[in-house]
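K.L.:
Pasting my_file_35.cif below, which is mmCIF, C-alpha atoms.
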```
data_start
#
loop_
_atom_site.label_atom_id
_atom_site.label_comp_id
_atom_site.auth_asym_id
_atom_site.auth_seq_id
_atom_site.Cartn_x
_atom_site.Cartn_y
_atom_site.Cartn_z
CA MET A 49 -0.86 -3.56 -11.26
CA SER A 50 1.74 -5.71 -9.53
CA ALA A 51 5.49 -5.60 -10.27
CA VAL A 52 5.38 -9.20 -11.46
CA THR A 53 2.30 -10.55 -13.24
CA ALA A 54 1.10 -13.71 -11.52
CA SER A 55 0.67 -16.86 -13.57
CA VAL A 56 -2.30 -19.19 -13.77
CA ARG A 57 -1.95 -22.58 -12.11
CA PRO A 58 -1.35 -25.17 -14.84
CA GLY A 59 -3.90 -27.94 -15.06
CA VAL A 60 -6.82 -26.16 -13.37
CA PHE A 61 -8.41 -23.96 -16.03
CA PHE A 62 -5.63 -23.98 -18.59
CA GLU A 63 -2.77 -26.18 -19.70
CA VAL A 64 0.19 -24.00 -20.61
CA PRO A 65 1.72 -25.35 -23.83
CA GLU A 66 5.45 -25.33 -24.44
CA GLY A 67 6.87 -22.81 -26.88
CA LEU A 68 6.69 -23.70 -30.54
CA PRO A 69 9.92 -24.96 -32.08
CA ARG A 70 11.97 -22.49 -34.12
CA GLY A 71 12.67 -23.23 -37.76
CA PRO A 72 11.26 -26.22 -39.68
CA HIS A 73 9.01 -28.58 -37.73
CA GLN A 74 6.48 -31.35 -38.22
CA LEU A 75 3.52 -29.64 -36.55
CA SER A 76 0.37 -29.13 -38.60
CA ARG A 77 -1.19 -25.70 -39.03
CA GLU A 78 -4.01 -26.79 -36.72
CA GLN A 79 -1.53 -27.82 -34.00
CA VAL A 80 0.28 -24.50 -34.28
CA HIS A 81 -2.96 -22.52 -34.05
CA SER A 82 -4.17 -24.61 -31.10
CA ALA A 83 -0.96 -23.95 -29.17
CA GLN A 84 -1.01 -20.25 -30.04
CA ARG A 85 -4.65 -19.93 -29.04
CA GLN A 86 -4.02 -21.59 -25.69
CA ARG A 87 -1.02 -19.35 -24.99
CA LEU A 88 -3.07 -16.26 -25.82
CA LEU A 89 -5.93 -17.33 -23.54
CA VAL A 90 -3.48 -17.89 -20.68
CA ALA A 91 -1.67 -14.60 -21.25
CA PHE A 92 -4.96 -12.71 -21.57
CA THR A 93 -6.24 -14.13 -18.27
CA GLU A 94 -3.01 -13.29 -16.43
CA LEU A 95 -2.86 -9.73 -17.74
CA LEU A 96 -6.57 -9.18 -17.15
CA ALA A 97 -6.19 -10.19 -13.50
CA ASP A 98 -3.08 -8.06 -13.09
CA ARG A 99 -3.94 -4.77 -14.78
CA GLY A 100 -7.59 -4.84 -15.82
CA TYR A 101 -9.09 -4.72 -19.29
CA ALA A 102 -8.61 -1.00 -19.92
CA LYS A 103 -4.82 -1.26 -19.57
CA LEU A 104 -4.47 -4.56 -21.41
CA ARG A 105 -2.89 -3.89 -24.82
CA ILE A 106 -2.69 -6.34 -27.71
CA THR A 107 1.08 -5.80 -27.95
CA ASP A 108 1.53 -6.74 -24.27
CA LEU A 109 -0.69 -9.77 -24.75
CA THR A 110 1.12 -11.12 -27.80
CA LYS A 111 4.52 -10.45 -26.22
CA ARG A 112 3.58 -12.44 -23.10
CA ALA A 113 2.16 -15.26 -25.23
CA ALA A 114 5.16 -15.20 -27.61
CA VAL A 115 2.75 -14.89 -30.53
CA SER A 116 2.74 -12.30 -33.31
CA ASN A 117 0.04 -9.66 -33.65
CA ASP A 118 -0.89 -11.15 -37.03
CA SER A 119 -1.38 -14.55 -35.41
CA PHE A 120 -3.62 -13.00 -32.76
CA TYR A 121 -5.95 -11.56 -35.38
CA GLU A 122 -6.00 -14.87 -37.25
CA LEU A 123 -7.42 -16.47 -34.10
CA PHE A 124 -9.56 -13.69 -32.57
CA GLU A 125 -11.46 -10.75 -33.98
CA SER A 126 -10.72 -8.53 -30.98
CA LYS A 127 -9.65 -8.41 -27.34
CA GLU A 128 -13.28 -8.88 -26.35
CA ASP A 129 -13.54 -11.98 -28.53
CA CYS A 130 -10.47 -13.38 -26.75
CA ALA A 131 -12.06 -12.52 -23.39
CA CYS A 132 -15.23 -14.44 -24.25
CA ALA A 133 -13.22 -17.49 -25.35
CA ALA A 134 -11.27 -17.49 -22.08
CA TYR A 135 -14.48 -17.04 -20.08
CA GLU A 136 -16.00 -20.00 -21.92
CA ARG A 137 -13.20 -22.15 -20.54
CA PHE A 138 -13.81 -20.72 -17.07
CA VAL A 139 -17.48 -21.77 -17.16
CA LYS A 140 -16.74 -25.27 -18.47
CA VAL A 141 -14.27 -25.94 -15.66
CA ILE A 142 -16.77 -24.78 -13.02
CA VAL A 143 -19.32 -27.23 -14.42
CA ARG A 144 -16.73 -30.00 -14.44
CA MET A 145 -15.69 -29.32 -10.84
CA ALA A 146 -19.32 -29.18 -9.70
CA ASN A 147 -19.95 -32.58 -11.30
CA ALA A 148 -16.81 -33.91 -9.61
CA ALA A 149 -18.27 -32.69 -6.30
CA GLY A 150 -21.37 -34.82 -6.94
CA LEU A 151 -23.73 -32.50 -8.80
CA SER A 152 -25.01 -35.00 -11.36
CA GLN A 153 -25.48 -37.73 -8.71
CA SER A 154 -27.40 -35.54 -6.24
CA ALA A 155 -30.47 -37.22 -4.76
CA THR A 156 -31.63 -34.32 -2.56
CA TRP A 157 -31.79 -30.55 -2.86
CA ARG A 158 -29.13 -30.16 -0.16
CA GLU A 159 -26.76 -32.51 -2.00
CA TYR A 160 -27.31 -30.62 -5.24
CA ILE A 161 -26.73 -27.18 -3.72
CA GLN A 162 -23.72 -28.45 -1.77
CA ALA A 163 -22.09 -29.74 -4.97
CA SER A 164 -23.02 -26.59 -6.89
CA VAL A 165 -21.54 -24.22 -4.30
CA GLU A 166 -18.45 -26.37 -3.70
CA GLY A 167 -17.82 -26.66 -7.44
CA TYR A 168 -18.02 -22.91 -7.99
CA LEU A 169 -16.06 -21.74 -4.95
CA GLY A 170 -13.65 -24.66 -5.21
CA ALA A 171 -12.79 -23.61 -8.76
CA LEU A 172 -12.11 -20.05 -7.63
CA ALA A 173 -9.94 -21.29 -4.77
CA ALA A 174 -8.00 -23.57 -7.11
CA ASP A 175 -6.74 -20.65 -9.21
CA PRO A 176 -7.06 -17.14 -7.70
CA VAL A 177 -5.57 -15.52 -10.82
CA VAL A 178 -8.39 -16.88 -12.98
CA ALA A 179 -10.92 -16.02 -10.25
CA ARG A 180 -9.73 -12.41 -10.13
CA ALA A 181 -9.80 -12.08 -13.91
CA PHE A 182 -13.30 -13.37 -14.55
CA GLN A 183 -15.10 -12.36 -11.36
CA LEU A 184 -13.84 -8.79 -11.05
CA GLU A 185 -13.11 -7.76 -14.64
CA MET A 186 -15.61 -9.49 -16.93
CA GLY A 187 -18.22 -6.77 -16.46
CA ASN A 188 -15.76 -4.07 -17.57
CA ILE A 189 -14.88 -5.55 -20.94
CA GLY A 190 -17.81 -4.72 -23.21
CA PRO A 191 -21.38 -5.62 -24.19
CA LYS A 192 -20.50 -8.98 -25.77
CA ALA A 193 -18.62 -10.09 -22.65
CA ARG A 194 -21.36 -8.86 -20.31
CA GLU A 195 -23.96 -10.75 -22.32
CA ARG A 196 -21.82 -13.91 -22.18
CA ARG A 197 -21.57 -13.60 -18.41
CA ARG A 198 -25.31 -12.98 -18.09
CA SER A 199 -26.18 -15.95 -20.31
CA ALA A 200 -23.91 -18.20 -18.22
CA ALA A 201 -25.69 -17.15 -15.01
CA VAL A 202 -29.10 -17.74 -16.64
CA TRP A 203 -27.97 -21.20 -17.82
CA PHE A 204 -26.92 -22.17 -14.28
CA ALA A 205 -30.27 -20.88 -12.98
CA GLU A 206 -32.18 -22.91 -15.58
CA GLU A 207 -30.25 -26.03 -14.58
CA ARG A 208 -31.19 -25.46 -10.94
CA LEU A 209 -34.82 -24.94 -11.91
CA LYS A 210 -34.89 -28.25 -13.82
CA THR A 211 -33.30 -30.05 -10.89
CA GLN A 212 -35.79 -28.47 -8.49
CA GLU A 213 -38.70 -29.82 -10.52
CA ARG A 214 -37.11 -33.26 -10.78
CA LEU A 215 -36.51 -33.50 -7.04
CA ARG A 216 -39.98 -32.20 -6.14
CA LYS A 217 -41.45 -35.42 -7.53
CA ARG A 218 -40.14 -37.26 -4.48
CA ASP A 219 -39.72 -34.40 -2.00
CA ARG A 220 -43.12 -32.91 -1.22
CA LEU A 221 -41.60 -30.25 1.06
CA LEU A 222 -39.37 -28.72 -1.60
CA ARG A 223 -40.91 -25.48 -2.82
CA SER A 224 -41.28 -24.57 -6.48
CA ARG A 225 -39.40 -21.29 -6.92
CA PRO A 226 -39.33 -19.33 -10.22
CA LEU A 227 -36.29 -18.88 -12.43
CA ASN A 228 -35.52 -15.43 -11.04
CA SER A 229 -35.20 -16.86 -7.51
CA HIS A 230 -32.54 -19.26 -8.73
CA LEU A 231 -30.84 -16.48 -10.66
CA ALA A 232 -30.82 -14.25 -7.58
CA ALA A 233 -29.16 -17.00 -5.53
CA ILE A 234 -26.46 -17.48 -8.19
CA LEU A 235 -25.79 -13.76 -8.60
CA GLY A 236 -25.69 -13.32 -4.83
CA MET A 237 -23.07 -16.06 -4.55
CA ARG A 238 -21.01 -14.39 -7.27
CA GLU A 239 -21.24 -11.05 -5.47
CA LEU A 240 -19.92 -12.61 -2.26
CA ALA A 241 -17.03 -14.12 -4.21
CA CYS A 242 -16.24 -10.73 -5.72
CA ASP A 243 -16.33 -9.12 -2.29
CA ALA A 244 -13.88 -11.75 -1.00
CA LEU A 245 -11.53 -11.03 -3.92
CA GLU A 246 -11.71 -7.27 -3.39
CA THR A 247 -11.01 -7.43 0.34
CA SER A 248 -8.24 -10.05 0.40
CA GLN A 249 -5.28 -11.05 -1.75
CA GLU A 250 -5.78 -14.65 -0.61
CA PRO A 251 -9.52 -15.08 0.03
CA ASP A 252 -10.78 -18.16 1.84
CA PHE A 253 -13.62 -19.07 -0.51
CA MET A 254 -14.39 -22.39 1.12
CA LYS A 255 -15.42 -20.81 4.42
CA LEU A 256 -18.41 -19.39 2.54
CA VAL A 257 -19.69 -22.84 1.59
CA PRO A 258 -21.66 -23.83 4.75
CA GLU A 259 -23.57 -20.57 5.12
CA LEU A 260 -24.38 -20.33 1.39
CA VAL A 261 -25.61 -23.92 1.28
CA ASP A 262 -27.77 -23.45 4.39
CA TRP A 263 -29.19 -20.19 3.02
CA VAL A 264 -30.24 -21.64 -0.34
CA VAL A 265 -31.56 -24.90 1.11
CA THR A 266 -33.57 -23.11 3.81
CA ALA A 267 -35.03 -20.67 1.29
CA TRP A 268 -36.51 -23.59 -0.68
CA TYR A 269 -38.41 -25.08 2.27
CA ASP A 270 -41.16 -23.84 4.56
CA GLU A 271 -39.97 -26.32 7.19
CA PRO A 272 -36.61 -28.08 7.60
CA PRO A 273 -36.09 -30.96 5.12
CA SER A 274 -35.46 -34.45 6.44
CA ASP A 275 -31.75 -34.26 5.57
CA ALA A 276 -31.19 -30.94 7.39
CA PRO A 277 -28.40 -30.97 10.02
CA ALA A 278 -29.73 -31.31 13.55
CA ALA A 279 -30.07 -27.93 15.22
CA ARG A 280 -27.66 -27.27 18.05
CA ARG A 281 -29.41 -25.76 21.02
CA SER A 282 -27.39 -23.73 23.46
CA PRO A 283 -27.44 -24.39 27.24
CA THR A 284 -29.24 -21.09 27.76
CA ALA A 285 -31.96 -22.17 25.34
CA ARG A 286 -32.51 -25.38 27.31
CA ALA A 287 -32.53 -23.69 30.70
CA PRO A 288 -36.13 -22.36 30.60
CA ALA A 289 -37.42 -25.87 29.86
CA ARG A 290 -35.64 -27.24 32.93
CA ARG A 291 -37.03 -24.46 35.09
CA ARG A 292 -40.53 -25.13 33.81
CA ALA A 293 -40.11 -28.82 34.57
CA SER A 294 -38.93 -28.04 38.09
CA SER A 295 -41.83 -25.71 38.82
CA THR A 296 -44.29 -28.28 37.51
CA ALA A 297 -42.84 -30.95 39.76
CA ALA A 298 -43.07 -28.64 42.76
CA SER A 299 -46.73 -27.74 42.20
#
```
Would you mind giving the structure from this file in structure tokens?
P.N.:
Amino acid sequence: MSAVTASVRPGVFFEVPEGLPRGPHQLSREQVHSAQRQRLLVAFTELLADRGYAKLRITDLTKRAAVSNDSFYELFESKEDCACAAYERFVKVIVRMANAAGLSQSATWREYIQASVEGYLGALAADPVVARAFQLEMGNIGPKARERRRSAAVWFAEERLKTQERLRKRDRLLRSRPLNSHLAAILGMRELACDALETSQEPDFMKLVPELVDWVVTAWYDEPPSDAPAARRSPTARAPARRRASSTAAS
């Protein structure tokens, strides 16, 4: 646990609302609850990233959010319920960022995987506090949270499977892989992200993009697709061909 709890970056996963006015005000009950809920989700994420779920107490959470304990239990049944609500936001932003990277407009498997990987890792890079909270700690929270994380991974895998089948109609080289192959690729990417978070305070997520894209694209073809980057051959690889040509000319 750090001396000062880091804050989320406003406008990426969460907007941080201003404090509610003291005394009489014109806000509706729904507006008050919405602001309180948002503040609790932000505070939960920050404390989860900083100290882990086991050391995260409701009193610390409500103090950081400037919300009463009674208000917390009006909005959430438990800490785990709050965790699942915050994780839901995390997943929605990843989908949004993947679409912004071109996911929904992808015309080839490479374009689709490129947008998918860039959206996921780009979201983590955009807010390391949120990344640390939901990549490293979600599995430690409880059965409901673990099931929510699992169902999110399965949903992403199902989306990839549907895209695979759509693109195969015009790409005869693209292989038909089962759902578990897509799930394995998604879980493997998440594991690499977790490893980056565990080994560095400021991980460079985007450096993982090229190798992850190449790995997934290559695994879905028996031979390179037409949009594959041209292979770079080293001088040593070309040398034998020149020697063969020279010996042929001499014979």
K.L.:
Rank A:Val165, A:Ala83, A:Leu88, A:Leu215 by their smallest atom-to-atom distance to Ile234 (chain A), using all atoms listed in the file, and report the top residue only.
P.N.:
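Among A:Val165, A:Ala83, A:Leu88, A:Leu215, it is A:Val165 that comes nearest to Ile234 (chain A).
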K.L.:
Rank nothing, just name the residue among A:Arg218, A:Val177, A:Ser152, A:Asn228 nearest to Glu250 (chain A), using only C-alpha atoms.
P.N.:
A:Val177
K.L.:
Name the residues in contact with Gly100 (chain A) at a cut-off of 9 Å, using all atoms listed in the file, excluding same-chain residues fewer than 4 positions from it; report them as a list in words.
P.N.:
Met49, Leu95, Leu96, Leu104, Ala181, Leu184, Glu185, Asn188 and Ile189 of chain A
K.L.:
Residues as selected, C-alpha atoms, written as a PDB file, in the frame of the given file, can you do that?
P.N.:
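Resulting contents of result_37.pdb:
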```
ATOM      1  CA  MET A  49      -0.860  -3.560 -11.260  1.00  0.00           C
ATOM      2  CA  LEU A  95      -2.860  -9.730 -17.740  1.00  0.00           C
ATOM      3  CA  LEU A  96      -6.570  -9.180 -17.150  1.00  0.00           C
ATOM      4  CA  LEU A 104      -4.470  -4.560 -21.410  1.00  0.00           C
ATOM      5  CA  ALA A 181      -9.800 -12.080 -13.910  1.00  0.00           C
ATOM      6  CA  LEU A 184     -13.840  -8.790 -11.050  1.00  0.00           C
ATOM      7  CA  GLU A 185     -13.110  -7.760 -14.640  1.00  0.00           C
ATOM      8  CA  ASN A 188     -15.760  -4.070 -17.570  1.00  0.00           C
ATOM      9  CA  ILE A 189     -14.880  -5.550 -20.940  1.00  0.00           C
TER      10      ILE A 189
END
```
K.L.:
Please write as a PyMOL selection string the full residue list that the PyMOL selection byres ((chain A and resi 225) around 12) yields on this file.
P.N.:
chain A and resi 205-206+208-213+216+222-224+226-233+264-265+267-270
K.L.:
Which polymer residues, protein or nucleic acid, are no farther than 12 Å from (-22.7, -28.2, -1.5), counting all atoms listed in the file, as a PyMOL selection string?
P.N.:
chain A and resi 145-151+154+156-170+254-265
K.L.:
Can you pull out the residues contacting Val90 (chain A)? Cut-off 8 Å, using all atoms listed in the file, and skip same-chain residues under 2 positions away; I want them as a ChimeraX atom specification.
P.N.:
/A:56,62,64,86-88,92-94,113,134
K.L.:
Output the selection as a compact mmCIF listing (two decimals), in the coordinates of the input - C-alpha atoms for each residue.
P.N.:
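And here is the file that came out, again.txt:
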```txt
# COMPACT_ATOMS: atom_id res chain seq x y z
CA VAL A 56 -2.30 -19.19 -13.77
CA PHE A 62 -5.63 -23.98 -18.59
CA VAL A 64 0.19 -24.00 -20.61
CA GLN A 86 -4.02 -21.59 -25.69
CA ARG A 87 -1.02 -19.35 -24.99
CA LEU A 88 -3.07 -16.26 -25.82
CA PHE A 92 -4.96 -12.71 -21.57
CA THR A 93 -6.24 -14.13 -18.27
CA GLU A 94 -3.01 -13.29 -16.43
CA ALA A 113 2.16 -15.26 -25.23
CA ALA A 134 -11.27 -17.49 -22.08
```
K.L.:
Find the distance between CA of Asp252 (chain A) and CA of Ala173 (chain A) and write it in Å to one decimal.
P.N.:
7.4 Å
K.L.:
Hey, what's within 12 Å of Ser82 (chain A) if we count all atoms listed in the file and toss same-chain stuff fewer than 2 positions away? As a tab-separated table (two decimals) with C-alpha atoms, keeping the file's coordinate frame, please?
P.N.:
```tsv
chain	number	residue	atom	x	y	z
A	63	GLU	CA	-2.77	-26.18	-19.70
A	64	VAL	CA	0.19	-24.00	-20.61
A	65	PRO	CA	1.72	-25.35	-23.83
A	66	GLU	CA	5.45	-25.33	-24.44
A	67	GLY	CA	6.87	-22.81	-26.88
A	68	LEU	CA	6.69	-23.70	-30.54
A	75	LEU	CA	3.52	-29.64	-36.55
A	76	SER	CA	0.37	-29.13	-38.60
A	77	ARG	CA	-1.19	-25.70	-39.03
A	78	GLU	CA	-4.01	-26.79	-36.72
A	79	GLN	CA	-1.53	-27.82	-34.00
A	80	VAL	CA	0.28	-24.50	-34.28
A	84	GLN	CA	-1.01	-20.25	-30.04
A	85	ARG	CA	-4.65	-19.93	-29.04
A	86	GLN	CA	-4.02	-21.59	-25.69
A	87	ARG	CA	-1.02	-19.35	-24.99
A	88	LEU	CA	-3.07	-16.26	-25.82
A	89	LEU	CA	-5.93	-17.33	-23.54
A	115	VAL	CA	2.75	-14.89	-30.53
A	119	SER	CA	-1.38	-14.55	-35.41
A	120	PHE	CA	-3.62	-13.00	-32.76
A	122	GLU	CA	-6.00	-14.87	-37.25
A	123	LEU	CA	-7.42	-16.47	-34.10
```
K.L.:
Work out where the centre of an axis-aligned box around every listed atom of region 221-231 of chain A lies and how long its edges are once 4 Å is added on each side; give both in Å to one decimal as AutoDock Vina command-line options.
P.N.:
```
--center_x -36.2 --center_y -22.8 --center_z -5.7 --size_x 18.8 --size_y 22.8 --size_z 21.5
```
K.L.:
For CA of Gln183 (chain A) and CA of Trp203 (chain A), quote the distance in Å rounded to one decimal.
P.N.:
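Between CA of Gln183 (chain A) and CA of Trp203 (chain A) the gap works out to 16.9 Å.
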K.L.:
What does the distance from CA of Gly187 (chain A) to CA of Asp108 (chain A) come to in Å, to one decimal?
P.N.:
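We find that CA of Gly187 (chain A) and CA of Asp108 (chain A) lie 21.2 Å from each other.
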K.L.:
Restricting the calculation to only C-alpha atoms, which member of A:Thr53, A:Arg180, A:Asp118, A:Ser199 is positioned closest to Ala241 (chain A)?
P.N.:
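Selected residue with least distance to Ala241 (chain A): A:Arg180.
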